[in-house]
$ cat data.txt   # compact mmCIF, C-alpha atoms
# COMPACT_ATOMS: atom_id res chain seq x y z
CA MET W 9 66.65 67.13 65.11
CA SER W 10 64.17 67.00 67.93
CA VAL W 11 63.46 64.80 70.89
CA SER W 12 59.86 64.05 71.76
CA GLY W 13 58.40 64.91 75.15
CA GLN W 14 58.48 62.38 77.94
CA ASN W 15 55.65 60.15 79.02
CA PRO W 16 54.07 61.76 82.12
CA ALA W 17 54.56 58.48 83.96
CA HIS W 18 58.32 58.55 83.36
CA ARG W 19 59.44 62.05 84.30
CA SER W 20 62.91 61.14 85.54
CA VAL W 21 65.68 61.17 82.95
CA SER W 22 68.52 58.69 82.96
CA GLY W 23 72.07 59.98 82.89
CA ALA W 24 72.85 58.08 79.70
CA TRP W 25 69.86 59.63 77.93
CA VAL W 26 70.87 63.15 79.00
CA VAL W 27 74.47 62.62 77.87
CA ALA W 28 73.21 61.42 74.50
CA LEU W 29 70.94 64.41 74.26
CA PHE W 30 73.72 66.91 74.83
CA THR W 31 76.43 65.20 72.77
CA VAL W 32 74.22 64.62 69.73
CA LEU W 33 72.10 67.77 69.68
CA LEU W 34 74.79 70.29 70.55
CA SER W 35 76.46 69.61 67.22
CA GLY W 36 75.53 71.83 64.32
CA PHE W 37 73.13 74.69 63.78
CA SER W 38 71.46 75.27 60.45
CA ALA W 39 70.27 78.51 58.90
CA GLN W 40 67.37 80.14 60.71
CA ALA W 41 63.89 80.78 59.46
CA THR W 42 61.93 83.80 60.64
CA ALA W 43 58.81 82.34 62.19
CA VAL W 44 57.10 85.02 64.26
CA THR W 45 55.15 84.70 67.49
CA VAL W 46 52.00 86.82 67.61
CA SER W 47 50.76 87.88 71.03
CA GLY W 48 47.35 89.44 71.53
CA LEU W 49 45.46 86.99 69.33
CA TYR W 50 42.86 86.52 72.06
CA SER W 51 42.43 90.22 72.90
CA VAL W 52 40.01 92.51 71.12
CA LYS W 53 38.17 95.84 71.33
CA VAL W 54 34.60 96.39 70.15
CA PRO W 55 32.17 99.32 70.41
CA VAL W 56 29.19 98.85 72.72
CA GLU W 57 26.03 100.84 73.27
CA GLY W 58 26.53 100.95 77.03
CA SER W 59 27.42 98.90 80.08
CA SER W 60 24.15 97.16 80.91
CA PRO W 61 24.35 93.35 81.18
CA GLY W 62 22.64 92.89 77.84
CA GLN W 63 24.86 95.41 76.07
CA LEU W 64 27.98 93.84 77.53
CA ALA W 65 26.79 90.36 76.54
CA GLN W 66 26.45 91.57 72.95
CA GLY W 67 29.95 93.05 73.17
CA TYR W 68 31.38 89.76 74.46
CA ALA W 69 29.78 87.93 71.53
CA ASP W 70 31.06 90.48 69.00
CA GLY W 71 34.56 90.26 70.45
CA LEU W 72 34.60 86.47 70.56
CA SER W 73 33.44 86.27 66.94
CA GLN W 74 36.49 88.32 65.91
CA VAL W 75 38.78 86.12 68.00
CA LEU W 76 37.29 82.94 66.54
CA VAL W 77 38.02 84.17 63.02
CA ARG W 78 41.52 85.25 63.99
CA VAL W 79 42.39 81.98 65.71
CA SER W 80 40.70 79.57 63.29
CA GLY W 81 42.12 81.46 60.33
CA THR W 82 38.84 81.47 58.42
CA ARG W 83 35.66 83.53 58.40
CA ASP W 84 33.76 80.33 57.60
CA VAL W 85 33.97 79.45 61.29
CA LEU W 86 31.10 81.84 62.02
CA ALA W 87 28.75 79.70 59.92
CA MET W 88 29.68 76.41 61.58
CA GLU W 89 27.20 74.44 63.62
CA GLY W 90 27.61 75.18 67.31
CA VAL W 91 29.17 78.63 66.98
CA GLU W 92 25.97 80.42 68.03
CA ALA W 93 26.02 78.56 71.34
CA LEU W 94 29.65 79.60 71.86
CA LEU W 95 28.86 83.24 71.19
CA SER W 96 25.84 83.22 73.50
CA ASP W 97 28.12 82.02 76.32
CA ALA W 98 31.13 84.16 75.39
CA GLU W 99 31.45 85.52 78.92
CA SER W 100 32.52 82.08 80.18
CA LEU W 101 35.69 82.35 78.08
CA LEU W 102 36.65 85.82 79.31
CA LEU W 103 39.80 86.40 81.34
CA SER W 104 39.42 90.17 81.70
CA TYR W 105 37.49 93.13 80.36
CA GLN W 106 37.24 96.88 80.67
CA VAL W 107 34.82 99.46 79.35
CA ALA W 108 36.24 102.73 78.03
CA ARG W 109 34.47 105.90 76.98
CA GLY W 110 36.22 108.23 74.55
CA GLU W 111 35.67 111.91 73.90
CA SER W 112 33.03 111.08 71.27
CA GLY W 113 30.96 109.38 73.96
CA GLN W 114 31.24 105.98 72.27
CA SER W 115 31.82 103.18 74.75
CA VAL W 116 34.49 100.63 73.85
CA LEU W 117 34.77 97.21 75.44
CA SER W 118 38.32 95.82 75.67
CA MET W 119 38.55 92.16 76.56
CA SER W 120 40.92 89.19 76.69
CA PHE W 121 39.75 85.62 76.22
CA GLY W 122 41.55 82.54 77.48
CA ALA W 123 43.72 80.98 74.79
CA VAL W 124 43.23 77.43 76.02
CA GLY W 125 39.48 77.92 76.44
CA VAL W 126 39.05 79.39 72.96
CA ASN W 127 41.15 76.66 71.36
CA ARG W 128 39.10 73.96 73.06
CA ALA W 129 35.87 75.72 72.07
CA LEU W 130 36.95 75.71 68.43
CA ALA W 131 37.91 72.06 68.65
CA ALA W 132 34.49 71.30 70.17
CA ILE W 133 32.75 72.53 67.01
CA ASP W 134 35.32 70.75 64.82
CA ALA W 135 36.93 73.99 63.67
CA PRO W 136 40.66 74.33 62.90
CA VAL W 137 42.97 76.16 65.31
CA TRP W 138 45.79 78.36 63.97
CA GLY W 139 48.54 78.85 66.52
CA ALA W 140 50.52 81.87 67.68
CA ASN W 141 53.59 81.19 65.51
CA ARG W 142 52.80 82.55 62.06
CA PRO W 143 54.68 83.27 58.81
CA LEU W 144 55.98 86.81 58.40
CA THR W 145 55.02 88.30 55.04
CA LEU W 146 57.19 91.08 53.63
CA ALA W 147 54.77 93.02 51.42
CA TRP W 148 56.16 95.10 48.56
CA ILE W 149 53.10 97.13 47.58
CA ALA W 150 53.14 99.37 44.49
CA ALA W 151 50.03 101.57 44.42
CA GLU W 152 48.98 103.47 41.30
CA ASP W 153 46.48 106.31 41.27
CA ARG W 154 45.90 108.85 38.51
CA GLY W 155 49.03 107.71 36.66
CA SER W 156 51.35 108.02 39.65
CA ARG W 157 52.93 104.99 41.36
CA THR W 158 54.06 104.88 44.97
CA LEU W 159 55.84 102.26 47.04
CA VAL W 160 54.11 101.67 50.38
CA THR W 161 56.80 101.60 53.06
CA ARG W 162 57.22 101.82 56.78
CA LEU W 163 57.13 105.30 58.25
CA GLY W 164 60.08 107.38 57.09
CA ASP W 165 60.74 111.05 56.50
CA GLY W 166 57.27 111.51 55.02
CA SER W 167 58.45 112.87 51.66
CA GLY W 168 56.20 111.70 48.85
CA GLN W 169 54.40 109.35 51.20
CA GLU W 170 50.96 110.96 51.39
CA ASP W 171 49.32 108.33 49.17
CA ALA W 172 51.39 105.60 50.75
CA GLY W 173 50.11 106.64 54.18
CA THR W 174 46.54 105.78 53.21
CA TRP W 175 47.53 102.30 52.10
CA ARG W 176 49.85 101.80 55.05
CA ALA W 177 47.04 102.55 57.49
CA ALA W 178 44.62 100.31 55.58
CA PHE W 179 46.97 97.32 55.60
CA ASP W 180 47.91 97.98 59.25
CA GLU W 181 44.29 97.73 60.32
CA ALA W 182 43.51 94.72 58.17
CA ALA W 183 46.56 92.80 59.44
CA ARG W 184 45.68 93.71 63.03
CA LYS W 185 42.16 92.34 62.70
CA ARG W 186 43.36 88.99 61.37
CA GLY W 187 46.47 88.65 63.56
CA LEU W 188 48.66 88.26 60.49
CA PRO W 189 52.30 89.44 60.71
CA VAL W 190 52.88 91.75 57.74
CA ALA W 191 56.05 93.82 57.32
CA LEU W 192 56.62 96.68 54.90
CA PRO W 193 60.01 97.62 53.43
CA PRO W 194 61.87 100.60 54.93
CA SER W 195 61.39 104.05 53.40
CA ASP W 196 64.94 103.91 51.99
CA PHE W 197 63.45 102.08 48.99
CA SER W 198 60.74 104.67 48.27
CA SER W 199 62.85 106.49 45.66
CA ASP W 200 64.03 103.36 43.81
CA ARG W 201 62.00 103.66 40.61
CA GLU W 202 63.54 100.56 39.00
CA LEU W 203 62.55 98.44 41.99
CA LEU W 204 59.06 99.96 41.91
CA SER W 205 58.81 99.01 38.23
CA ASP W 206 59.83 95.42 39.02
CA ILE W 207 57.21 95.19 41.76
CA TRP W 208 54.59 96.47 39.35
CA GLY W 209 55.68 93.94 36.75
CA GLN W 210 55.91 91.25 39.47
CA PHE W 211 59.50 90.36 38.57
CA ILE W 212 60.88 88.68 41.64
CA GLY W 213 64.67 88.82 41.00
CA ARG W 214 65.67 92.32 42.15
CA VAL W 215 62.97 92.41 44.80
CA LYS W 216 64.32 89.19 46.28
CA SER W 217 67.83 90.65 46.35
CA ALA W 218 66.56 93.84 48.03
CA SER W 219 64.83 91.68 50.65
CA GLY W 220 67.98 89.77 51.57
CA ASN W 221 68.59 91.67 54.83
CA LEU W 222 64.92 92.08 55.75
CA ASP W 223 63.21 89.50 57.96
CA HIS W 224 60.55 87.50 56.18
CA ASP W 225 59.21 84.03 55.50
CA VAL W 226 57.28 84.98 52.37
CA LEU W 227 57.60 87.82 49.87
CA ALA W 228 54.42 89.31 48.42
CA LEU W 229 54.67 91.55 45.34
CA VAL W 230 51.44 93.53 45.22
CA ARG W 231 50.23 95.98 42.59
CA VAL W 232 47.26 98.16 43.44
CA SER W 233 45.41 99.98 40.69
CA ARG W 234 42.14 101.75 40.11
CA ALA W 235 39.70 100.94 37.33
CA GLY W 236 36.52 102.98 37.22
CA GLY W 237 34.97 103.02 40.66
CA GLN W 238 36.87 100.04 42.02
CA TRP W 239 40.31 99.23 43.36
CA ARG W 240 42.15 96.05 42.41
CA ALA W 241 45.05 94.32 44.18
CA GLY W 242 46.96 91.58 42.39
CA TRP W 243 49.87 89.74 43.99
CA VAL W 244 52.36 86.92 43.65
CA PHE W 245 54.10 85.11 46.50
CA ASP W 246 57.66 83.86 46.80
CA GLY W 247 58.72 81.54 49.61
CA MET W 248 57.48 78.60 51.68
CA ALA W 249 56.20 76.87 48.54
CA MET W 250 53.29 79.29 48.30
CA ASN W 251 51.46 79.36 44.97
CA ALA W 252 53.52 81.58 42.67
CA GLY W 253 50.62 82.35 40.35
CA GLU W 254 48.89 85.73 40.54
CA GLU W 255 45.74 86.14 42.62
CA SER W 256 43.64 89.26 42.89
CA VAL W 257 40.74 90.88 44.74
CA THR W 258 38.66 94.00 44.10
CA ALA W 259 36.87 96.43 46.42
CA ASP W 260 35.32 99.88 46.48
CA THR W 261 37.69 101.57 48.98
CA PRO W 262 41.36 101.25 50.02
CA GLU W 263 40.27 99.96 53.42
CA ALA W 264 38.01 97.29 51.93
CA LEU W 265 40.70 96.30 49.42
CA ALA W 266 43.36 95.89 52.11
CA GLU W 267 40.93 93.85 54.21
CA ALA W 268 40.05 91.58 51.28
CA THR W 269 43.74 91.06 50.51
CA ILE W 270 44.75 90.26 54.09
CA ASN W 271 41.71 88.01 54.54
CA ARG W 272 42.80 85.97 51.54
CA TRP W 273 46.41 85.75 52.76
CA ALA W 274 45.34 84.67 56.24
CA GLU W 275 43.09 81.94 54.90
CA LEU W 276 45.82 80.65 52.58
CA TYR W 277 48.28 80.38 55.47
CA ALA W 278 45.72 78.89 57.84
CA SER W 279 44.75 76.25 55.30
CA ARG W 280 48.34 75.01 55.48
CA TYR W 281 49.28 75.53 59.13
CA ALA W 282 46.10 75.40 61.23
CA VAL W 283 45.81 72.32 63.44
CA ALA W 284 42.82 70.02 63.03
CA ALA W 285 40.36 69.89 65.91
CA SER W 286 41.36 66.30 66.66
CA GLU W 287 44.92 67.46 67.43
CA VAL W 288 43.89 69.92 70.16
CA GLY W 289 44.61 67.81 73.22
CA ASP W 290 43.19 68.02 76.73
CA SER W 291 46.58 69.10 78.09
CA PRO W 292 47.94 72.07 76.11
CA GLN W 293 51.66 72.12 75.42
CA VAL W 294 54.05 75.06 75.26
CA ASP W 295 57.71 75.25 74.27
CA ILE W 296 59.95 76.97 76.81
CA VAL W 297 63.27 78.14 75.38
CA LEU W 298 65.87 78.34 78.14
CA ARG W 299 69.16 80.07 77.38
CA GLY W 300 72.34 79.77 79.41
CA VAL W 301 72.10 76.00 79.88
CA THR W 302 75.76 74.96 79.92
CA SER W 303 75.80 71.67 81.82
CA LEU W 304 73.82 68.61 82.74
CA GLU W 305 73.33 70.15 86.18
CA ASP W 306 71.64 73.16 84.58
CA TYR W 307 69.34 70.88 82.61
CA ALA W 308 68.46 68.79 85.65
CA GLY W 309 67.84 71.89 87.77
CA ALA W 310 65.53 73.53 85.24
CA ASN W 311 63.67 70.29 84.68
CA LYS W 312 63.18 69.78 88.43
CA VAL W 313 61.83 73.31 88.91
CA LEU W 314 59.24 72.92 86.17
CA GLU W 315 58.16 69.46 87.30
CA GLY W 316 57.39 70.89 90.73
CA LEU W 317 55.01 73.59 89.47
CA THR W 318 51.32 72.97 90.13
CA PRO W 319 50.05 73.58 86.55
CA VAL W 320 52.73 71.36 84.96
CA VAL W 321 51.57 67.93 83.79
CA SER W 322 54.82 66.79 82.15
CA VAL W 323 58.19 68.12 81.00
CA GLY W 324 60.30 66.78 78.15
CA ALA W 325 63.53 67.93 76.54
CA HIS W 326 62.72 68.79 72.94
CA ARG W 327 65.77 70.44 71.41
CA VAL W 328 69.25 71.74 72.29
CA ARG W 329 71.20 74.33 70.33
CA ASP W 330 74.51 75.49 71.80
CA GLU W 331 73.55 76.87 75.25
CA GLN W 332 69.85 76.98 74.42
CA LEU W 333 67.54 74.24 75.65
CA THR W 334 63.93 73.89 74.50
CA LEU W 335 61.61 72.10 76.91
CA ARG W 336 58.13 70.99 75.88
CA VAL W 337 55.77 71.44 78.82
CA ALA W 338 52.23 70.09 79.05
CA PHE W 339 50.16 72.13 81.48
CA SER W 340 46.66 72.59 82.88
CA GLY W 341 44.71 75.83 83.08
CA GLU W 342 45.69 78.92 81.07
CA LEU W 343 49.16 79.85 79.84
CA ASP W 344 49.24 83.02 81.96
CA GLN W 345 48.85 80.90 85.09
CA LEU W 346 51.89 78.85 84.11
CA ARG W 347 53.83 82.08 83.56
CA GLU W 348 52.90 83.26 87.05
CA TYR W 349 54.19 80.06 88.62
CA ILE W 350 57.45 80.23 86.67
CA ALA W 351 57.91 83.85 87.75
CA LEU W 352 58.09 82.72 91.38
CA ASP W 353 61.49 81.07 90.76
CA PRO W 354 64.29 83.65 90.23
CA ARG W 355 66.36 81.15 88.27
CA PHE W 356 63.98 81.68 85.33
CA VAL W 357 64.75 85.20 84.07
CA PRO W 358 62.27 86.41 81.40
CA MET W 359 63.88 87.31 78.09
CA GLU W 360 61.36 89.94 76.95
CA ALA W 361 64.02 92.62 77.31
CA ASP W 362 65.94 91.01 74.44
CA VAL W 363 63.08 91.62 72.00
CA PRO W 364 63.47 94.79 69.88
CA ALA W 365 61.13 97.56 71.01
CA GLU W 366 60.11 98.44 67.45
CA PRO W 367 60.00 95.32 65.26
CA PRO W 368 59.51 96.08 61.54
CA VAL W 369 55.93 94.88 61.39
CA THR W 370 52.84 96.87 60.59
CA ALA W 371 49.91 95.68 62.69
CA ARG W 372 49.40 97.44 66.02
CA THR W 373 46.50 98.29 68.28
CA ALA W 374 45.69 98.88 71.94
CA GLU W 375 47.03 96.48 74.54
CA GLY W 376 45.60 98.51 77.37
CA GLN W 377 43.86 101.81 77.73
CA VAL W 378 44.07 105.03 79.66
CA ALA W 379 41.81 104.88 82.68
CA SER W 380 40.69 108.15 84.22
CA SER W 381 41.82 108.77 87.74
CA GLY W 382 40.85 112.31 88.50
CA SER W 383 42.85 114.60 86.22
CA ASN W 384 45.84 112.30 85.98
CA PRO W 385 45.10 109.44 83.58
CA GLN W 386 47.42 106.46 83.71
CA GLU W 387 48.00 103.51 81.44
CA VAL W 388 46.49 100.21 82.52
CA PRO W 389 48.30 97.27 80.84
CA GLU W 390 46.01 94.53 79.67
CA SER W 391 47.85 91.95 81.75
CA GLU W 392 46.90 93.88 84.89
CA VAL W 393 43.23 94.43 84.05
CA SER W 394 40.87 92.12 85.91
CA GLN W 395 37.12 92.08 86.02
CA PRO W 396 36.45 95.68 87.10
CA ALA W 397 34.36 96.46 90.15
CA GLY W 398 32.16 98.73 88.07
CA PRO W 399 31.70 98.36 84.30
CA ASP W 400 31.03 102.10 83.92
CA GLN W 401 34.73 102.92 84.17
CA GLN W 402 35.44 106.11 82.25
CA THR W 403 38.47 106.68 80.07
CA SER W 404 40.01 109.94 78.94
CA ALA W 405 40.60 111.15 75.40
CA GLU W 406 44.00 109.52 75.49
CA ALA W 407 42.25 106.16 75.09
CA SER W 408 42.35 106.78 71.36
CA GLU W 409 46.15 106.76 71.48
CA GLU W 410 46.70 103.06 71.10
CA THR W 411 49.70 101.07 72.26
CA ALA W 412 50.95 97.79 70.87
CA LEU W 413 48.68 94.78 71.11
CA PHE W 414 50.32 92.51 68.57
CA THR W 415 53.98 92.33 69.49
CA TYR W 416 55.98 90.24 67.09
CA GLN W 417 58.87 88.24 68.50
CA PRO W 418 61.22 86.36 66.16
CA VAL W 419 61.19 82.63 66.81
CA PRO W 420 64.65 81.11 66.19
CA VAL W 421 64.00 77.80 64.47
CA ASP W 422 65.99 75.96 61.87
CA GLU W 423 64.44 75.43 58.52
CA GLU W 424 63.72 71.75 59.11
CA ASP W 425 61.70 72.71 62.21
CA ALA W 426 59.80 75.62 60.66
CA ARG W 427 56.60 73.67 60.00
CA GLU W 428 56.61 72.37 63.57
CA ALA W 429 56.94 75.92 64.89
CA PHE W 430 54.10 77.17 62.71
CA GLU W 431 51.83 74.37 63.88
CA SER W 432 52.44 75.04 67.59
CA LEU W 433 49.30 76.47 69.19
CA TYR W 434 50.91 78.61 71.89
CA GLN W 435 53.56 81.25 71.85
CA VAL W 436 57.09 80.24 72.76
CA LEU W 437 58.25 81.37 76.22
CA TYR W 438 61.81 82.64 76.51
CA TYR W 439 63.90 82.61 79.68
CA ARG W 440 67.53 82.75 80.71
CA TRP W 441 68.65 80.18 83.24
CA GLN W 442 70.30 81.83 86.26
CA PRO W 443 71.78 79.08 88.47
CA SER W 444 71.00 79.41 92.18
CA SER W 445 74.69 79.39 93.08
CA VAL W 446 75.02 82.67 91.16
CA ILE W 447 71.95 84.40 92.54
CA GLY W 448 72.87 83.53 96.11
CA SER W 449 70.05 81.20 97.09
CA ASP W 450 70.57 78.05 99.07
CA GLY W 451 72.48 76.28 96.33
CA GLY W 452 69.59 74.40 94.77
CA GLU W 453 69.82 72.03 91.87

$ encode --input "data.txt" --output "structure tokens"
Amino acid sequence: MSVSGQNPAHRSVSGAWVVALFTVLLSGFSAQATAVTVSGLYSVKVPVEGSSPGQLAQGYADGLSQVLVRVSGTRDVLAMEGVEALLSDAESLLLSYQVARGESGQSVLSMSFGAVGVNRALAAIDAPVWGANRPLTLAWIAAEDRGSRTLVTRLGDGSGQEDAGTWRAAFDEAARKRGLPVALPPSDFSSDRELLSDIWGQFIGRVKSASGNLDHDVLALVRVSRAGGQWRAGWVFDGMAMNAGEESVTADTPEALAEATINRWAELYASRYAVAASEVGDSPQVDIVLRGVTSLEDYAGANKVLEGLTPVVSVGAHRVRDEQLTLRVAFSGELDQLREYIALDPRFVPMEADVPAEPPVTARTAEGQVASSGSNPQEVPESEVSQPAGPDQQTSAEASEETALFTYQPVPVDEEDAREAFESLYQVLYYRWQPSSVIGSDGGE
């Protein structure tokens, strides 16, 4: 059950309404789905010839084109009327950028675009917008080469995984490019020949049982084979009412095959969950999940804090589960600006520390890079990179060692709310409510 956001003109909440909210919504909690929030959708790295204005402008356009595909969910967006004008003015959508130079001498431009700006730009050309909450696909991939079959798993002890490593890397990169959460099974299953045979035969029963304790929204049983000079991947889905019939793609190399497969998956999901341009409003909305809300006073205090923040347009209670309150907040500007305002109030304690450091998902790439500072390079997180004073900034060889860009955070939603979560454009923000009486402030609300 959910409660719609309030009208901006009626931001106060009556006591009777709040009592009804807590007495009705605190009852019951259904089984959870595993919707996943993808961060880094609007960040990208592209090679550039140098750091002249023209070369950087080309890099901005190349980066934005990748982001537009990732966020719209379809490569067709690049052929839409109006996209060339967007790409020619890509710099106007930039939040930050940095130029790196690796040991090979190749310059790499890392950049972050504004989520709200990109979403509005897509809506302006009547393109769909696929939000940050996306289905998690657990991919059981059986690869056959020269008569030998291998299960592609997450990194394990490395035994018998040489062939699997090639496919793992190929699917990692393809999933990263499209911003699609894809998980692989743990290496414990690599020696289960019966399970491997079922994956190859695309028999879902035992595979579904083996997946019972592994997070996923959709299962994909994939068999990869080689015929002549080409590779073929055929798969079936199970879950979320996806088409259970087999689909397939072919390509010349493992990398191209993985990319073709992931491209098809992304476009299938986006066709179901992307939001139409007409639904991208002028005031973006974000769900803020607030844990530790145990009383009406807590609710009123949190609501009052948010209403007083400059970027906030309106606040409405959306859902309550036990001691967890979800507020739907309409805001102006970019989401990072709202975060910065919330961070000024110590009663909102960020929950990032509760997210596992190594979620079982494949796609990763650089969130920041290693900037040279004499002989002691240091990591520069993307969130701290602003427009640099000089675009010729050098980076050391460590720049090739990439850190996580796409961090996948489980989104706790009940099954009846799964579609709503998938259709939300912005990532869910998690905080713990720390009442002022506990933190020793002046006893605020």

$ residues_around --input "data.txt" --residues "W:Gly316" --least-positions-apart "3" --cutoff "12 Å" --atoms "only C-alpha atoms" --output "list in words"
Arg19, Gly309, Ala310, Asn311, Lys312, Val313, Pro319, Val320, Val321, Ser322, Val323, Phe339, Leu346, Tyr349, Ile350, Leu352 and Asp353 of chain W

$ atom_distance --input "data.txt" --atom1 "atom CA of W:Leu314" --atom2 "atom CA of W:Ser51"
27.5 Å

$ atom_distance --input "data.txt" --atom1 "atom CA of W:Phe356" --atom2 "atom CA of W:Leu304"
16.6 Å

$ atom_distance --input "data.txt" --atom1 "atom CA of W:Trp148" --atom2 "atom CA of W:Leu229"
5.0 Å

$ residues_around --input "data.txt" --residues "stretch 240-253 of chain W" --least-positions-apart "2" --cutoff "9 Å" --atoms "all atoms listed in the file" --output "list in words"
Pro143, Ile149, Ala151, Gln210, Ile212, Lys216, Asp225, Val226, Leu227, Ala228, Leu229, Val230, Arg231, Val232, Ser233, Arg234, Ala235, Gln238, Glu255, Ser256, Val257, Thr258, Ala259, Asp260, Leu265, Ala266, Thr269, Leu276 and Tyr277 of chain W

$ write_last_selection --input "data.txt" --atoms "C-alpha atoms" --output "compact mmCIF listing (two decimals), in the frame of the given file"
# COMPACT_ATOMS: atom_id res chain seq x y z
CA PRO W 143 54.68 83.27 58.81
CA ILE W 149 53.10 97.13 47.58
CA ALA W 151 50.03 101.57 44.42
CA GLN W 210 55.91 91.25 39.47
CA ILE W 212 60.88 88.68 41.64
CA LYS W 216 64.32 89.19 46.28
CA ASP W 225 59.21 84.03 55.50
CA VAL W 226 57.28 84.98 52.37
CA LEU W 227 57.60 87.82 49.87
CA ALA W 228 54.42 89.31 48.42
CA LEU W 229 54.67 91.55 45.34
CA VAL W 230 51.44 93.53 45.22
CA ARG W 231 50.23 95.98 42.59
CA VAL W 232 47.26 98.16 43.44
CA SER W 233 45.41 99.98 40.69
CA ARG W 234 42.14 101.75 40.11
CA ALA W 235 39.70 100.94 37.33
CA GLN W 238 36.87 100.04 42.02
CA GLU W 255 45.74 86.14 42.62
CA SER W 256 43.64 89.26 42.89
CA VAL W 257 40.74 90.88 44.74
CA THR W 258 38.66 94.00 44.10
CA ALA W 259 36.87 96.43 46.42
CA ASP W 260 35.32 99.88 46.48
CA LEU W 265 40.70 96.30 49.42
CA ALA W 266 43.36 95.89 52.11
CA THR W 269 43.74 91.06 50.51
CA LEU W 276 45.82 80.65 52.58
CA TYR W 277 48.28 80.38 55.47

$ residues_around --input "data.txt" --residues "W:Val301" --least-positions-apart "3" --cutoff "12 Å" --atoms "all atoms listed in the file" --output "compact mmCIF listing (two decimals) with C-alpha atoms, in the frame of the given file"
# COMPACT_ATOMS: atom_id res chain seq x y z
CA PHE W 30 73.72 66.91 74.83
CA LEU W 34 74.79 70.29 70.55
CA VAL W 297 63.27 78.14 75.38
CA LEU W 298 65.87 78.34 78.14
CA LEU W 304 73.82 68.61 82.74
CA GLU W 305 73.33 70.15 86.18
CA ASP W 306 71.64 73.16 84.58
CA TYR W 307 69.34 70.88 82.61
CA ALA W 308 68.46 68.79 85.65
CA GLY W 309 67.84 71.89 87.77
CA ALA W 310 65.53 73.53 85.24
CA ASN W 311 63.67 70.29 84.68
CA ARG W 327 65.77 70.44 71.41
CA VAL W 328 69.25 71.74 72.29
CA ARG W 329 71.20 74.33 70.33
CA ASP W 330 74.51 75.49 71.80
CA GLU W 331 73.55 76.87 75.25
CA GLN W 332 69.85 76.98 74.42
CA LEU W 333 67.54 74.24 75.65
CA THR W 334 63.93 73.89 74.50
CA LEU W 335 61.61 72.10 76.91
CA ARG W 355 66.36 81.15 88.27
CA PHE W 356 63.98 81.68 85.33
CA TYR W 439 63.90 82.61 79.68
CA ARG W 440 67.53 82.75 80.71
CA TRP W 441 68.65 80.18 83.24
CA GLN W 442 70.30 81.83 86.26
CA PRO W 443 71.78 79.08 88.47

$ closest_residue --input "data.txt" --among "W:Val124, W:Ala325, W:Ala183, W:Ala150" --to "W:Ser291" --atoms "only C-alpha atoms"
W:Val124

$ closest_residue --input "data.txt" --among "W:Gly113, W:Pro136, W:Gly62, W:Gly187" --to "W:Ser279" --atoms "all atoms listed in the file"
W:Pro136

$ residues_near_point --input "data.txt" --point "(53.0, 85.6, 82.8)" --cutoff "12 Å" --atoms "all atoms listed in the file" --output "list in words"
Glu342, Leu343, Asp344, Gln345, Leu346, Arg347, Glu348, Tyr349, Ile350, Ala351, Leu352, Phe356, Val357, Pro358, Met359, Glu360, Glu390, Ser391, Glu392, Gln435, Leu437, Tyr438 and Tyr439 of chain W

$ write_last_selection --input "data.txt" --atoms "C-alpha atoms" --output "short mmCIF file (atom, residue, chain, number, x, y, z; two decimals), in the frame of the given file"
data_model
loop_
_atom_site.label_atom_id
_atom_site.label_comp_id
_atom_site.auth_asym_id
_atom_site.auth_seq_id
_atom_site.Cartn_x
_atom_site.Cartn_y
_atom_site.Cartn_z
CA GLU W 342 45.69 78.92 81.07
CA LEU W 343 49.16 79.85 79.84
CA ASP W 344 49.24 83.02 81.96
CA GLN W 345 48.85 80.90 85.09
CA LEU W 346 51.89 78.85 84.11
CA ARG W 347 53.83 82.08 83.56
CA GLU W 348 52.90 83.26 87.05
CA TYR W 349 54.19 80.06 88.62
CA ILE W 350 57.45 80.23 86.67
CA ALA W 351 57.91 83.85 87.75
CA LEU W 352 58.09 82.72 91.38
CA PHE W 356 63.98 81.68 85.33
CA VAL W 357 64.75 85.20 84.07
CA PRO W 358 62.27 86.41 81.40
CA MET W 359 63.88 87.31 78.09
CA GLU W 360 61.36 89.94 76.95
CA GLU W 390 46.01 94.53 79.67
CA SER W 391 47.85 91.95 81.75
CA GLU W 392 46.90 93.88 84.89
CA GLN W 435 53.56 81.25 71.85
CA LEU W 437 58.25 81.37 76.22
CA TYR W 438 61.81 82.64 76.51
CA TYR W 439 63.90 82.61 79.68
#
